[in-house]
Amino acid sequence: MDTSVIKCAVSMLVYFTVLILIVEFMRTKHRAASVIWVLSLLTFPLWIMGGVEGWFRWAKILSVILPTIIVGFCRVSNVEDRKGKTWEFFRKPWILWFVYCILFLNIFEATMKDVDLGNYANAACGFLLCVTIPFAPKFWEYEKSGKGDLIVYTSFAWNFLYTTWNLCFVYGESPNYFASSVCILLAAELYPLFKRRHELYITARVYTLATHMIVRSCFGGVILKLMDSTSWFSPNVLSTWGVINLVLIIPFVFWHMWQLHTGKADESFRRTKPSTT
């Protein structure tokens with residue numbers, strides 16, 4: 001077997017494992033997590049050295065890191081019931097709408113990029129993912145005890161569709177970083193399955209994406225040396241993949257809307273309850 005293939009496979013496995021451990025650490029140590037993501041902003045000199053250029057790329061990094069910091073403050077405020085106007089601010093009901101909007105905009109931004117790339121079927125899938133995000137604050141909450149997790153009652157189907165849609169997007173937009181993106185998306189997908197708690201998907205996605213943004217910004221060259229997947233790209237695979245994603249999401253949209261229409265969503269979206277795991 002080609003040594004470059006082995007190097008890429010081993011690097012992906014190591015990166016995936018590290019990401020799973022990072023998510024677990026961030027969930028378990030809510031205070032440390034909130035401090036770490038504030039301090040992550042101090043790595044900005046490495047962003048410059050790593051080749052981050054242009055306002056769009058800087059805005060992209062900050063649009064991931066700053067909401068992650070806010071999520072950390074919200075977790076601390078809720079689980080520790082901190083007093084004072086500042087901490088109480090992070091317990092306001094509208095803060096859940098803020099995180100909802102960040103998720104919506106993250107998907108919508110990629111959807112518009114898919115349109116620019118001509119990947120229209122995958123763009124349509126992204127739009128339908130936006131439509132089917134469970135509403136805040138009804139299906140969003142911060143646990144008041146335990147680890148103070150951000151709980152979002154997305155379904156297993158929505159989680160899977162988001163993963164395959166996002167993978168298809170990255171495959172077309174940044175094929176050189178596709179292999180590393182597989183790691184962060186699979187870590188977010190599988191972590192809730194390991195825990196048997198589908199409502200942890202957004203939490204896992206927040207921390208894997210934020211970690212990847214920092215790693216890519218600081219050490220983008222290293223990622224490409226270890227996991228360059230440029231040669232994996234095929235226009236036919238991209239177009240076919242987008243069509244498959246669109247076909248898969250259409251019945252899910254009908255199911256999602258039916259649950260809301262019949263009032264069954266309260267039960268079907270919450271198939272598991274928050275626990276200490």
# chains A, B, ... in the order shown; residues from 1 in each chain; ligands from 1
>>> residues_around(residues="segment 233-246 of chain A", least_positions_apart="4", cutoff="12 Å", atoms="only C-alpha atoms", output="ChimeraX atom specification")
/A:111,114-115,117-129,157-158,160-179,228-229,250-253
>>> write_last_selection(atoms="N, CA and C atoms", output="tab-separated table (two decimals), in the first residue's frame")
chain	number	residue	atom	x	y	z
A	111	THR	N	-24.65	26.97	2.42
A	111	THR	CA	-25.64	26.74	1.36
A	111	THR	C	-25.45	27.73	0.22
A	114	ASP	N	-22.49	26.74	-1.76
A	114	ASP	CA	-22.83	25.63	-2.65
A	114	ASP	C	-23.49	26.14	-3.92
A	115	VAL	N	-24.34	27.15	-3.78
A	115	VAL	CA	-24.99	27.75	-4.95
A	115	VAL	C	-23.93	28.36	-5.87
A	117	LEU	N	-20.93	27.44	-6.17
A	117	LEU	CA	-20.15	26.36	-6.77
A	117	LEU	C	-20.95	25.56	-7.79
A	118	GLY	N	-22.26	25.85	-7.87
A	118	GLY	CA	-23.11	25.11	-8.81
A	118	GLY	C	-23.58	23.77	-8.27
A	119	ASN	N	-23.37	23.53	-6.98
A	119	ASN	CA	-23.81	22.28	-6.35
A	119	ASN	C	-25.23	22.48	-5.81
A	120	TYR	N	-26.18	22.64	-6.73
A	120	TYR	CA	-27.52	23.09	-6.39
A	120	TYR	C	-28.30	22.08	-5.55
A	121	ALA	N	-28.14	20.80	-5.82
A	121	ALA	CA	-28.88	19.78	-5.06
A	121	ALA	C	-28.46	19.80	-3.59
A	122	ASN	N	-27.16	19.90	-3.34
A	122	ASN	CA	-26.69	19.95	-1.95
A	122	ASN	C	-27.09	21.25	-1.28
A	123	ALA	N	-27.14	22.34	-2.08
A	123	ALA	CA	-27.61	23.63	-1.55
A	123	ALA	C	-29.07	23.52	-1.10
A	124	ALA	N	-29.88	22.82	-1.88
A	124	ALA	CA	-31.28	22.63	-1.51
A	124	ALA	C	-31.39	21.82	-0.22
A	125	CYS	N	-30.51	20.83	-0.07
A	125	CYS	CA	-30.47	20.04	1.17
A	125	CYS	C	-30.12	20.93	2.34
A	126	GLY	N	-29.14	21.83	2.16
A	126	GLY	CA	-28.76	22.76	3.23
A	126	GLY	C	-29.90	23.66	3.63
A	127	PHE	N	-30.65	24.17	2.64
A	127	PHE	CA	-31.80	25.01	2.94
A	127	PHE	C	-32.84	24.26	3.77
A	128	LEU	N	-33.09	23.01	3.42
A	128	LEU	CA	-34.07	22.21	4.16
A	128	LEU	C	-33.56	21.86	5.56
A	129	LEU	N	-32.25	21.76	5.72
A	129	LEU	CA	-31.70	21.58	7.07
A	129	LEU	C	-31.99	22.80	7.93
A	157	ALA	N	-31.77	11.38	12.60
A	157	ALA	CA	-31.84	11.59	11.15
A	157	ALA	C	-31.30	12.97	10.78
A	158	TRP	N	-31.67	14.01	11.53
A	158	TRP	CA	-31.17	15.36	11.24
A	158	TRP	C	-29.65	15.41	11.41
A	160	PHE	N	-27.50	12.99	11.06
A	160	PHE	CA	-26.87	12.29	9.93
A	160	PHE	C	-26.93	13.12	8.66
A	161	LEU	N	-28.08	13.72	8.39
A	161	LEU	CA	-28.24	14.52	7.18
A	161	LEU	C	-27.33	15.74	7.21
A	162	TYR	N	-27.19	16.35	8.39
A	162	TYR	CA	-26.27	17.48	8.52
A	162	TYR	C	-24.84	17.03	8.20
A	163	THR	N	-24.46	15.88	8.72
A	163	THR	CA	-23.11	15.38	8.53
A	163	THR	C	-22.81	15.12	7.05
A	164	THR	N	-23.70	14.40	6.38
A	164	THR	CA	-23.45	14.07	4.97
A	164	THR	C	-23.56	15.31	4.08
A	165	TRP	N	-24.46	16.24	4.43
A	165	TRP	CA	-24.55	17.50	3.68
A	165	TRP	C	-23.26	18.31	3.83
A	166	ASN	N	-22.76	18.42	5.07
A	166	ASN	CA	-21.56	19.23	5.32
A	166	ASN	C	-20.33	18.60	4.68
A	167	LEU	N	-20.26	17.27	4.70
A	167	LEU	CA	-19.14	16.59	4.05
A	167	LEU	C	-19.15	16.87	2.55
A	168	CYS	N	-20.32	16.82	1.95
A	168	CYS	CA	-20.44	17.09	0.52
A	168	CYS	C	-20.03	18.53	0.22
A	169	PHE	N	-20.43	19.46	1.09
A	169	PHE	CA	-20.06	20.86	0.91
A	169	PHE	C	-18.54	21.04	0.93
A	170	VAL	N	-17.89	20.47	1.95
A	170	VAL	CA	-16.44	20.61	2.07
A	170	VAL	C	-15.74	19.92	0.90
A	171	TYR	N	-16.29	18.79	0.47
A	171	TYR	CA	-15.71	18.05	-0.66
A	171	TYR	C	-15.62	18.93	-1.91
A	172	GLY	N	-16.64	19.78	-2.10
A	172	GLY	CA	-16.64	20.66	-3.26
A	172	GLY	C	-15.91	21.97	-3.04
A	173	GLU	N	-15.97	22.50	-1.81
A	173	GLU	CA	-15.42	23.82	-1.53
A	173	GLU	C	-13.94	23.79	-1.17
A	174	SER	N	-13.52	22.79	-0.38
A	174	SER	CA	-12.11	22.68	0.05
A	174	SER	C	-11.68	21.22	0.01
A	175	PRO	N	-11.55	20.64	-1.17
A	175	PRO	CA	-11.20	19.20	-1.25
A	175	PRO	C	-9.87	18.87	-0.58
A	176	ASN	N	-8.95	19.84	-0.50
A	176	ASN	CA	-7.66	19.57	0.15
A	176	ASN	C	-7.83	19.35	1.66
A	177	TYR	N	-8.87	19.95	2.25
A	177	TYR	CA	-9.11	19.77	3.69
A	177	TYR	C	-10.24	18.76	3.96
A	178	PHE	N	-10.67	18.04	2.95
A	178	PHE	CA	-11.80	17.13	3.12
A	178	PHE	C	-11.50	16.03	4.14
A	179	ALA	N	-10.31	15.45	4.08
A	179	ALA	CA	-9.96	14.34	4.99
A	179	ALA	C	-10.03	14.78	6.45
A	228	ASP	N	-3.69	15.69	3.14
A	228	ASP	CA	-4.09	16.36	1.90
A	228	ASP	C	-4.94	15.41	1.06
A	229	SER	N	-6.17	15.80	0.79
A	229	SER	CA	-7.10	14.94	0.05
A	229	SER	C	-7.52	15.55	-1.28
A	250	ILE	N	-35.79	14.88	1.74
A	250	ILE	CA	-37.18	15.19	1.42
A	250	ILE	C	-38.17	14.42	2.31
A	251	PRO	N	-38.06	13.08	2.44
A	251	PRO	CA	-38.99	12.39	3.36
A	251	PRO	C	-38.82	12.83	4.81
A	252	PHE	N	-37.58	13.18	5.19
A	252	PHE	CA	-37.36	13.66	6.56
A	252	PHE	C	-38.11	14.96	6.81
A	253	VAL	N	-38.14	15.85	5.82
A	253	VAL	CA	-38.85	17.12	5.98
A	253	VAL	C	-40.33	16.86	6.24
>>> select_by_dssp(residues="segment 22-175 of chain A", states="strand (DSSP E)", output="list in words")
Trp140, Glu141, Tyr142, Leu150, Ile151 and Val152 of chain A
>>> write_last_selection(atoms="all heavy atoms", output="short mmCIF file (atom, residue, chain, number, x, y, z; two decimals), in the first residue's frame")
data_model
loop_
_atom_site.label_atom_id
_atom_site.label_comp_id
_atom_site.auth_asym_id
_atom_site.auth_seq_id
_atom_site.Cartn_x
_atom_site.Cartn_y
_atom_site.Cartn_z
N TRP A 140 -34.36 23.63 22.94
CA TRP A 140 -32.99 23.97 23.31
C TRP A 140 -32.96 24.29 24.80
O TRP A 140 -33.89 24.92 25.33
CB TRP A 140 -32.50 25.19 22.55
CG TRP A 140 -32.36 25.04 21.07
CD1 TRP A 140 -33.34 24.72 20.18
CD2 TRP A 140 -31.17 25.24 20.30
NE1 TRP A 140 -32.84 24.70 18.91
CE2 TRP A 140 -31.51 25.03 18.95
CE3 TRP A 140 -29.86 25.60 20.63
CZ2 TRP A 140 -30.59 25.14 17.92
CZ3 TRP A 140 -28.94 25.72 19.60
CH2 TRP A 140 -29.30 25.49 18.26
N GLU A 141 -31.90 23.90 25.48
CA GLU A 141 -31.76 24.25 26.89
C GLU A 141 -30.33 24.02 27.37
O GLU A 141 -29.55 23.30 26.73
CB GLU A 141 -32.71 23.40 27.75
CG GLU A 141 -32.42 21.90 27.70
CD GLU A 141 -33.36 21.09 28.57
OE1 GLU A 141 -33.38 21.33 29.80
OE2 GLU A 141 -34.07 20.23 28.03
N TYR A 142 -29.99 24.67 28.47
CA TYR A 142 -28.75 24.39 29.17
C TYR A 142 -29.11 23.64 30.43
O TYR A 142 -30.01 24.05 31.18
CB TYR A 142 -28.01 25.68 29.54
CG TYR A 142 -27.30 26.35 28.39
CD1 TYR A 142 -27.89 27.41 27.72
CD2 TYR A 142 -26.05 25.90 27.97
CE1 TYR A 142 -27.24 28.03 26.65
CE2 TYR A 142 -25.40 26.50 26.90
CZ TYR A 142 -26.00 27.57 26.25
OH TYR A 142 -25.37 28.17 25.19
N LEU A 150 -25.14 22.02 26.74
CA LEU A 150 -26.09 22.63 25.81
C LEU A 150 -26.84 21.47 25.16
O LEU A 150 -26.26 20.64 24.47
CB LEU A 150 -25.35 23.44 24.74
CG LEU A 150 -26.21 23.91 23.55
CD1 LEU A 150 -27.33 24.83 24.00
CD2 LEU A 150 -25.33 24.60 22.51
N ILE A 151 -28.14 21.42 25.42
CA ILE A 151 -28.98 20.33 24.92
C ILE A 151 -29.81 20.84 23.75
O ILE A 151 -30.53 21.84 23.87
CB ILE A 151 -29.91 19.80 26.03
CG1 ILE A 151 -29.09 19.27 27.20
CG2 ILE A 151 -30.84 18.72 25.49
CD1 ILE A 151 -28.18 18.12 26.87
N VAL A 152 -29.73 20.16 22.62
CA VAL A 152 -30.55 20.49 21.45
C VAL A 152 -31.17 19.19 20.95
O VAL A 152 -30.45 18.26 20.59
CB VAL A 152 -29.72 21.14 20.33
CG1 VAL A 152 -30.64 21.57 19.19
CG2 VAL A 152 -28.93 22.33 20.86
#
>>> closest_residue(among="A:Ala9, A:Lys147, A:Met112, A:Tyr100", to="Pro67 of chain A", atoms="only C-alpha atoms")
A:Tyr100
>>> select_by_dssp(residues="segment 59-228 of chain A", states="helix (DSSP H, G or I)", output="PyMOL selection string")
chain A and resi 59-80+85-89+94-117+120-131+156-173+175-195+198-227
>>> atom_distance(atom1="atom CA of Ile22 of chain A", atom2="atom CA of Trp97 of chain A")
25.8 Å
>>> atom_distance(atom1="atom CA of Leu103 of chain A", atom2="atom CA of Phe16 of chain A")
22.3 Å
>>> residues_around(residues="Leu13 of chain A", least_positions_apart="6", cutoff="12 Å", atoms="only C-alpha atoms", output="count of residues only")
13
>>> closest_residue(among="A:Cys218, A:Leu224, A:Val71, A:Val79", to="Ile202 of chain A", atoms="only C-alpha atoms")
A:Val71
>>> residues_around(residues="segment 24-26 of chain A", least_positions_apart="2", cutoff="12 Å", atoms="only C-alpha atoms", output="ChimeraX atom specification")
/A:17-22,28-37,68-69,71-72,75-76,147-150,187-188,191-192,194-195,200,203-208,210-211,277
>>> atom_distance(atom1="atom CA of Val52 of chain A", atom2="atom CA of Ile214 of chain A")
11.0 Å
